[in-house]
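Structure, as structure tokens:
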Amino acid sequence: MVSHSKLRKMLSTRLGIDYRKVAIVFPVTYFIVFSYLDLVRFYNFNFYLDFGAYLQAIYTTAFYGKLLYENYDAATIFLREGIPYFGSYLGIHFSPILFIFVPIFRVFPFPETLIILKVLAISLSIFFAYKVALAFLKSAKLAFIATLLYTLHPALHSLTLFDFQPQAFFPLFMFLTIYALLKGKVVLYFLSLIAALSTNEFMSILICSLAFVDIVLKKNTASIFTKRKYAAITFITALSWYIMASLIMPMFKPRVFSPWTALFSGGIVEALAYGFLEKVSYFLMIILPFGFIPLRSTYFLALLPYLGSVFTSTYAGLFQLGWHYGSYFLPLMFIALIDSLSKVPKLKVSKTLLIISIAVSVFLSPLNPITAGNIPGAAYDPAPFNKEHINYIFKVFKLIPENASILVQTPLSQHLAMNINAYTWVPNIEDYNIEYILADIKHIDFKVYGFNRLIPQLLSNRSYGLYAYADGIILLRKNYTGKPILYYPFKATFKYAGLIGGKLRVSSGDLVLGDSRPVIDLTSKSFVVVLCRGAAEGPIDVAWYGPYIFLPPGTYNVTFVLKVKKYSISNGPIMKLDVASNKGLTIYSSKIITFNDIGNENQWVNATLTFSLNSFVDDIEFRGLNVGRYDVYLDYIYVEQVKLSI
């Protein structure tokens with residue numbers, strides 16, 4: 001007969017959690033899940049210009065012997081700094097770690113290679129985060145808790161889902177550096193330190209800061225550097241690296257962009273005030289997933305250079321969660337986390353605080369569908385195109401010869417980056433002998449990078465001809481005079497983009513609300529519809545307007561999907577629909593909607609207008625105006641091209 005106490009002990013042993021084994025599951029699961037998600041995002045054109053820049057830099061080095069040469073950053077550099085730059089990526093950021101990928105890419109010359117390597121590095125950072133925590137805390141349970149919080153942090157997810165960045169390798173090499181010190185592996189320590197510094201020049205400042213805090217404030221307490229001499233060596237090495245990077249970068253590019261322009265020009269108050277509430281919100285979003293625990297550690301002070309750059313920056317991306325900047329603060333914040341946990345008895349780790357931290361991470365993660373399009377940053381952007389449009393893009397790709405000289409709009413450019421003659425911007429088309437130009441009017445970058453002005457100009461002077469047109473995808477070919485060899489009419493659906501934000505960064509245009517509001521309607525296809533309450537609020541001039549899209553010459557049908565509620569006091573026309581441009585000064589079609597058009601109230605009906613364009617128009621709107629005393633609901637607006645007139 002087994003006693004009650006022995007039975008309870010046996011069950012406890014069998015059902016108890018083996019934290020060491022469970023922690024190993026984290027990186028494996030992370031790698032499988034995010035490899036799949038990242039590849040899907042790449043095939044769905046969710047990757048942006050940075051990925052193409054790195055891909056082209058590594059490709060030209062591997063197959064042309066260039067020194068990380070790339071053309072892709074020229075577009076953003078010109079927009080941001082007003083100077084043309086075609087050359088080594090080392091002039092933009094000092095990231096010699098990219099050379100490590102060259103031999104791998106030589107054997108596996110595919111875009112997917114970089115994606116898998118990035119996810120693998122981030123997954124391994126989880127493994128070594130656990131190893132560092134276990135070696136420092138001497139507690140599998142506390143190491144498990146720290147690693148869980150790190151794995152679930154939304155900034156880590158954003159770092160993984162935002163295309164490819166060399167900074168994504170910093171957490172791995174930073175943790176490997178600390179792990180090597182804790183285990184007394186000096187050679188591994190130094191190699192890992194150099195690799196961490198090689199990811200980006202700014203990392204040397206963070207490593208200097210971490211070592212400085214350890215030297216000055218951790219004299220009589222447990223140190224992640226184990227010995228002060230290693231902290232000193234780390235500081236000197238990182239400082240020397242920063243000086244070296246500062247001397248080398250101007251050799252490639254004379255002017256280096258700074259996101260702290262306002263600060264350096266003497267406007268420190270202006271710099272601090274710029275987006276101040278967003279900066280505070282960002283700080284809360286990066287510290288809450290760790291339950292404020294890192295604040296108890298002196299190592300948190302090592303983050304002051306990073307936080308200082310955030311709060312004094314006039315570059316909004318630096319304080320938005322959906323980019324790659326988690327790579328900058330996550331390793332140091334994790335070190336502060338485990339240092340704080342080392343001071344807390346196991347039983348005093350608040351379960352409530354842990355639950356709140358985990359809940360915040362899950363909610364803020366880009367994996368949460370609710371956050372899509374509602375938190376700033378590319379990691380939160382939904383797919384910009386539907387499957388049909390993506391199929392058209394790949395059909396157009398097949399029309400472009402290998403290594404042809406091409407000017408291509410992002411995000412299409414990311415799939416054509418393995419071409420030394422691919423550009424995202426050039427100062428003069430003729431000087432670069434561009435043979436093909438590829439753009440997509442359905443993406444916001446069509447206007448951002450000036451294709452809305454360039455394409456009409458080139459077609460007008462007949463230096464280029466329309467080689468293919470597919471649902472808004474435009475392929476021009478130099479000196480081409482025939483008819484398009486590929487044609488699919490333009491089709492697009494416009495609706496209110498979200499219950500919270502109302503705008504999608506990737507969209508070619510958004511409906512803008514006038515005197516109306518978003519509401520949930522389960523009978524609609526969009527789920528979130530636009531409601532204009534004319535019945536309660538009297539005649540309304542503007543219900544909605546936008547989306548200010550670019551359309552080529554041709555004939556189009558536009559269908560408004562509406563629902564109307566009539567009240568006893570209702571009389572007269574319901575509303576006016578029109579197609580306009582030039583802020584409403586040019587009207588292409590309009591119609592007064594009456595109950596003869598609606599039929600039955602409280603049912604979704606279609607109201608269709610036909611309009612023609614004789615030239616390219618940059619700012620087409622589909623407006624709802626002059627709403628009478630009716631409640632009018634808009635589900636979506638559908639536009640279909642009937643004829644192309646180029």
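Residue numbers start at 1 in each chain; chains themselves are named A, B, ... in the order of the structure tokens; ligands are numbered from 1 in the order shown.
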Could you pull out all residues of segment 382-511 of chain A with a DSSP call of helix (DSSP H, G or I) and give them as a PyMOL selection string? chain A and resi 387-397+412-416+430-432+445-448+451-460
Which residues of segment 127-237 of chain A have any atom within 10 Å of an atom in segment 81-93 of chain A when counting only C-alpha atoms, and what is the closest pair of atoms for each, with the distance in Å to one decimal? Order the rows by chain and rising number and write it as a Markdown table.
| residue | atom | partner | partner_atom | distance |
| --- | --- | --- | --- | --- |
| A:Pro166 | CA | A:His93 | CA | 9.8 |
| A:Thr199 | CA | A:His93 | CA | 8.9 |
| A:Asn200 | CA | A:His93 | CA | 6.2 |
| A:Glu201 | CA | A:His93 | CA | 6.6 |
| A:Phe202 | CA | A:His93 | CA | 8.9 |
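The space separating atom CA of Lys395 of chain A from atom CA of Arg453 of chain A comes to 24.8 Å.
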Would you mind listing what lies within 10 Å of Leu117 of chain A as a PyMOL selection string, with only C-alpha atoms counted and same-chain residues fewer than 6 positions away left out? chain A and resi 35+101+104+123+164+168-169
Leaving out segment 459-470 of chain A and any residue of its chain fewer than 5 positions from it, which residues lie within 12 Å of it when counting only C-alpha atoms, given as a CSV table (one decimal) with N, CA and C atoms, in the first residue's frame?
chain,number,residue,atom,x,y,z
A,388,GLU,N,-5.2,37.2,-56.3
A,388,GLU,CA,-5.4,37.4,-57.7
A,388,GLU,C,-4.3,38.4,-58.2
A,389,HIS,N,-4.2,39.5,-57.5
A,389,HIS,CA,-3.3,40.5,-57.9
A,389,HIS,C,-1.8,40.0,-57.8
A,390,ILE,N,-1.5,39.2,-56.7
A,390,ILE,CA,-0.2,38.7,-56.6
A,390,ILE,C,0.1,37.7,-57.8
A,391,ASN,N,-0.8,37.0,-58.2
A,391,ASN,CA,-0.6,36.1,-59.4
A,391,ASN,C,-0.3,37.0,-60.7
A,392,TYR,N,-1.0,38.1,-60.8
A,392,TYR,CA,-0.7,39.0,-61.9
A,392,TYR,C,0.8,39.5,-61.8
A,393,ILE,N,1.2,39.9,-60.6
A,393,ILE,CA,2.6,40.4,-60.5
A,393,ILE,C,3.6,39.4,-61.0
A,394,PHE,N,3.4,38.1,-60.6
A,394,PHE,CA,4.4,37.1,-61.0
A,394,PHE,C,4.3,36.8,-62.5
A,395,LYS,N,3.1,37.0,-63.1
A,395,LYS,CA,3.0,36.9,-64.6
A,395,LYS,C,3.8,38.0,-65.2
A,396,VAL,N,3.7,39.2,-64.7
A,396,VAL,CA,4.5,40.3,-65.3
A,396,VAL,C,6.0,40.1,-65.1
A,397,PHE,N,6.4,39.6,-63.9
A,397,PHE,CA,7.8,39.3,-63.7
A,397,PHE,C,8.4,38.4,-64.8
A,398,LYS,N,7.6,37.5,-65.3
A,398,LYS,CA,8.1,36.6,-66.4
A,398,LYS,C,8.4,37.3,-67.7
A,399,LEU,N,7.9,38.5,-67.8
A,399,LEU,CA,8.1,39.2,-69.1
A,399,LEU,C,9.4,40.0,-69.1
A,400,ILE,N,10.1,40.0,-67.9
A,400,ILE,CA,11.3,40.8,-67.8
A,400,ILE,C,12.5,40.0,-67.9
A,429,ILE,N,16.5,59.1,-66.1
A,429,ILE,CA,16.3,57.8,-66.8
A,429,ILE,C,17.3,57.6,-67.9
A,430,GLU,N,17.6,58.6,-68.7
A,430,GLU,CA,18.4,58.4,-69.9
A,430,GLU,C,19.9,58.1,-69.5
A,433,ASN,N,20.2,54.3,-68.8
A,433,ASN,CA,19.8,53.3,-69.8
A,433,ASN,C,18.8,52.3,-69.3
A,434,ILE,N,17.8,52.8,-68.6
A,434,ILE,CA,16.8,51.9,-68.1
A,434,ILE,C,15.9,51.4,-69.2
A,435,GLU,N,15.8,50.0,-69.3
A,435,GLU,CA,15.1,49.4,-70.4
A,435,GLU,C,13.6,49.2,-70.0
A,436,TYR,N,13.4,48.8,-68.7
A,436,TYR,CA,12.0,48.5,-68.2
A,436,TYR,C,11.7,49.4,-67.0
A,437,ILE,N,10.4,49.7,-66.8
A,437,ILE,CA,10.0,50.4,-65.6
A,437,ILE,C,8.7,49.6,-65.1
A,438,LEU,N,8.8,49.3,-63.9
A,438,LEU,CA,7.7,48.4,-63.3
A,438,LEU,C,7.1,49.2,-62.1
A,439,ALA,N,5.8,49.3,-62.0
A,439,ALA,CA,5.2,50.0,-60.9
A,439,ALA,C,3.8,49.4,-60.7
A,440,ASP,N,3.2,49.7,-59.5
A,440,ASP,CA,1.9,49.2,-59.1
A,440,ASP,C,1.1,50.3,-58.5
A,441,ILE,N,0.0,50.7,-59.2
A,441,ILE,CA,-0.7,51.8,-58.6
A,441,ILE,C,-1.6,51.5,-57.4
A,442,LYS,N,-1.6,50.2,-57.1
A,442,LYS,CA,-2.4,49.8,-55.9
A,442,LYS,C,-1.6,49.9,-54.6
A,451,PHE,N,6.3,57.6,-59.0
A,451,PHE,CA,5.9,56.9,-60.3
A,451,PHE,C,4.7,57.5,-60.9
A,452,ASN,N,3.8,58.1,-60.0
A,452,ASN,CA,2.6,58.7,-60.5
A,452,ASN,C,2.9,59.9,-61.5
A,453,ARG,N,4.1,60.5,-61.3
A,453,ARG,CA,4.5,61.6,-62.2
A,453,ARG,C,5.4,61.1,-63.4
A,454,LEU,N,6.2,60.1,-63.1
A,454,LEU,CA,7.1,59.6,-64.1
A,454,LEU,C,6.5,58.9,-65.2
A,475,LEU,N,3.9,47.9,-66.6
A,475,LEU,CA,5.3,47.6,-67.1
A,475,LEU,C,5.5,48.4,-68.4
A,476,LEU,N,6.5,49.3,-68.4
A,476,LEU,CA,6.9,50.0,-69.6
A,476,LEU,C,8.2,49.5,-70.1
A,477,ARG,N,8.3,49.5,-71.4
A,477,ARG,CA,9.5,49.1,-72.1
A,477,ARG,C,10.0,50.2,-73.0
A,478,LYS,N,11.3,50.4,-73.0
A,478,LYS,CA,11.9,51.5,-73.8
A,478,LYS,C,11.7,51.3,-75.3
A,479,ASN,N,11.2,52.4,-75.9
A,479,ASN,CA,11.0,52.4,-77.4
A,479,ASN,C,10.0,51.4,-77.9
A,480,TYR,N,9.1,50.9,-77.0
A,480,TYR,CA,8.1,49.9,-77.4
A,480,TYR,C,6.9,50.7,-78.0
A,481,THR,N,6.4,50.2,-79.1
A,481,THR,CA,5.3,50.9,-79.8
A,481,THR,C,4.1,50.0,-80.0
A,482,GLY,N,4.2,48.7,-79.7
A,482,GLY,CA,3.0,47.9,-79.9
A,482,GLY,C,2.0,47.9,-78.8
A,483,LYS,N,1.0,47.0,-78.9
A,483,LYS,CA,0.0,46.9,-77.9
A,483,LYS,C,0.5,46.2,-76.7
A,484,PRO,N,-0.1,46.3,-75.5
A,484,PRO,CA,0.3,45.5,-74.4
A,484,PRO,C,0.2,44.1,-74.6
A,485,ILE,N,1.3,43.3,-74.3
A,485,ILE,CA,1.2,41.9,-74.6
A,485,ILE,C,0.5,41.1,-73.5
A,486,LEU,N,0.2,41.8,-72.4
A,486,LEU,CA,-0.5,41.3,-71.3
A,486,LEU,C,-1.5,42.3,-70.8
A,487,TYR,N,-2.8,42.0,-70.6
A,487,TYR,CA,-3.8,42.9,-70.1
A,487,TYR,C,-4.8,42.3,-69.3
A,488,TYR,N,-5.0,42.8,-68.1
A,488,TYR,CA,-6.1,42.4,-67.2
A,488,TYR,C,-6.6,43.8,-66.6
A,489,PRO,N,-7.9,44.0,-66.6
A,489,PRO,CA,-8.5,45.3,-66.2
A,489,PRO,C,-8.3,45.5,-64.7
A,490,PHE,N,-8.2,46.8,-64.4
A,490,PHE,CA,-8.1,47.2,-63.0
A,490,PHE,C,-9.4,46.9,-62.2
A,491,LYS,N,-9.2,46.3,-61.0
A,491,LYS,CA,-10.3,46.1,-60.1
A,491,LYS,C,-9.9,46.5,-58.7
A,552,PRO,N,-5.3,55.4,-64.8
A,552,PRO,CA,-4.9,55.7,-66.2
A,552,PRO,C,-6.1,56.0,-67.0
A,553,PRO,N,-5.9,56.5,-68.2
A,553,PRO,CA,-7.1,56.8,-69.1
A,553,PRO,C,-7.9,55.6,-69.4
A,615,SER,N,-7.1,61.2,-69.6
A,615,SER,CA,-5.7,61.3,-69.3
A,615,SER,C,-5.5,60.7,-67.9
A,616,PHE,N,-4.2,60.6,-67.5
A,616,PHE,CA,-3.9,60.1,-66.2
A,616,PHE,C,-4.4,61.1,-65.2
A,641,GLN,N,-12.4,48.5,-64.2
A,641,GLN,CA,-12.1,49.1,-65.5
A,641,GLN,C,-12.8,48.4,-66.6
A,643,LYS,N,-12.5,49.7,-70.0
A,643,LYS,CA,-11.6,49.9,-71.1
A,643,LYS,C,-10.4,50.7,-70.7
A,644,LEU,N,-9.2,50.3,-71.3
A,644,LEU,CA,-8.0,51.0,-71.1
A,644,LEU,C,-7.7,51.8,-72.4
A,645,SER,N,-7.4,53.1,-72.2
A,645,SER,CA,-7.2,54.0,-73.4
A,645,SER,C,-5.8,54.6,-73.4
A,646,ILE,N,-4.8,53.7,-73.4
A,646,ILE,CA,-3.4,54.2,-73.6
A,646,ILE,C,-2.9,53.8,-74.9
Write out as a VMD selection string which residues come within 7 Å of Val360 of chain A when counting only C-alpha atoms, dropping same-chain ones fewer than 4 positions away. chain A and resid 288 to 289 356 364
Nearest residue to Gly377 of chain A from the set A:Gln603, A:Ser365, A:Ser413, A:Ser581 (distances using only C-alpha atoms):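 Closest candidate: A:Ser365.
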Quick check, in Å to one decimal: how far apart do atom CA of Val426 of chain A and atom CA of Met249 of chain A lie?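 Pair atom CA of Val426 of chain A / atom CA of Met249 of chain A returns 22.4 Å.
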Name the residues of segment 332-510 of chain A that fall into strand (DSSP E or B) according to DSSP on the backbone, using the chain letters and numbers of this document, as number ranges by chain. A: 406-408, 422-423, 436-440, 443, 464-470, 473-478, 486-488, 491-494, 507
Based on the selection just made, write C-alpha atoms of those residues as a PDB file, in the first residue's frame.
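To be explicit, this is the file written out as part38.pdb:
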ATOM      1  CA  ILE A 406      14.966  48.088 -64.648  1.00  0.00           C
ATOM      2  CA  LEU A 407      13.522  50.806 -62.448  1.00  0.00           C
ATOM      3  CA  VAL A 408      11.109  49.058 -60.107  1.00  0.00           C
ATOM      4  CA  ALA A 422      17.823  46.902 -60.736  1.00  0.00           C
ATOM      5  CA  TYR A 423      17.057  50.362 -59.319  1.00  0.00           C
ATOM      6  CA  TYR A 436      12.027  48.529 -68.209  1.00  0.00           C
ATOM      7  CA  ILE A 437       9.967  50.397 -65.619  1.00  0.00           C
ATOM      8  CA  LEU A 438       7.689  48.448 -63.289  1.00  0.00           C
ATOM      9  CA  ALA A 439       5.166  50.013 -60.917  1.00  0.00           C
ATOM     10  CA  ASP A 440       1.909  49.175 -59.150  1.00  0.00           C
ATOM     11  CA  HIS A 443       0.439  50.407 -53.455  1.00  0.00           C
ATOM     12  CA  TYR A 464       8.554  54.237 -73.418  1.00  0.00           C
ATOM     13  CA  GLY A 465       5.543  52.160 -74.394  1.00  0.00           C
ATOM     14  CA  LEU A 466       3.061  50.177 -72.328  1.00  0.00           C
ATOM     15  CA  TYR A 467       4.398  46.622 -72.491  1.00  0.00           C
ATOM     16  CA  ALA A 468       1.984  45.076 -69.963  1.00  0.00           C
ATOM     17  CA  TYR A 469      -0.925  46.188 -67.787  1.00  0.00           C
ATOM     18  CA  ALA A 470      -2.476  43.908 -65.182  1.00  0.00           C
ATOM     19  CA  ILE A 473       0.494  46.803 -62.502  1.00  0.00           C
ATOM     20  CA  ILE A 474       2.261  48.864 -65.169  1.00  0.00           C
ATOM     21  CA  LEU A 475       5.279  47.602 -67.116  1.00  0.00           C
ATOM     22  CA  LEU A 476       6.877  50.045 -69.552  1.00  0.00           C
ATOM     23  CA  ARG A 477       9.514  49.109 -72.105  1.00  0.00           C
ATOM     24  CA  LYS A 478      11.892  51.522 -73.760  1.00  0.00           C
ATOM     25  CA  LEU A 486      -0.537  41.269 -71.280  1.00  0.00           C
ATOM     26  CA  TYR A 487      -3.754  42.945 -70.146  1.00  0.00           C
ATOM     27  CA  TYR A 488      -6.054  42.450 -67.158  1.00  0.00           C
ATOM     28  CA  LYS A 491     -10.329  46.107 -60.118  1.00  0.00           C
ATOM     29  CA  ALA A 492     -10.311  47.495 -56.600  1.00  0.00           C
ATOM     30  CA  THR A 493     -12.435  47.585 -53.479  1.00  0.00           C
ATOM     31  CA  PHE A 494     -12.335  50.534 -51.089  1.00  0.00           C
ATOM     32  CA  SER A 507      -3.112  50.905 -49.230  1.00  0.00           C
TER      33      SER A 507
END
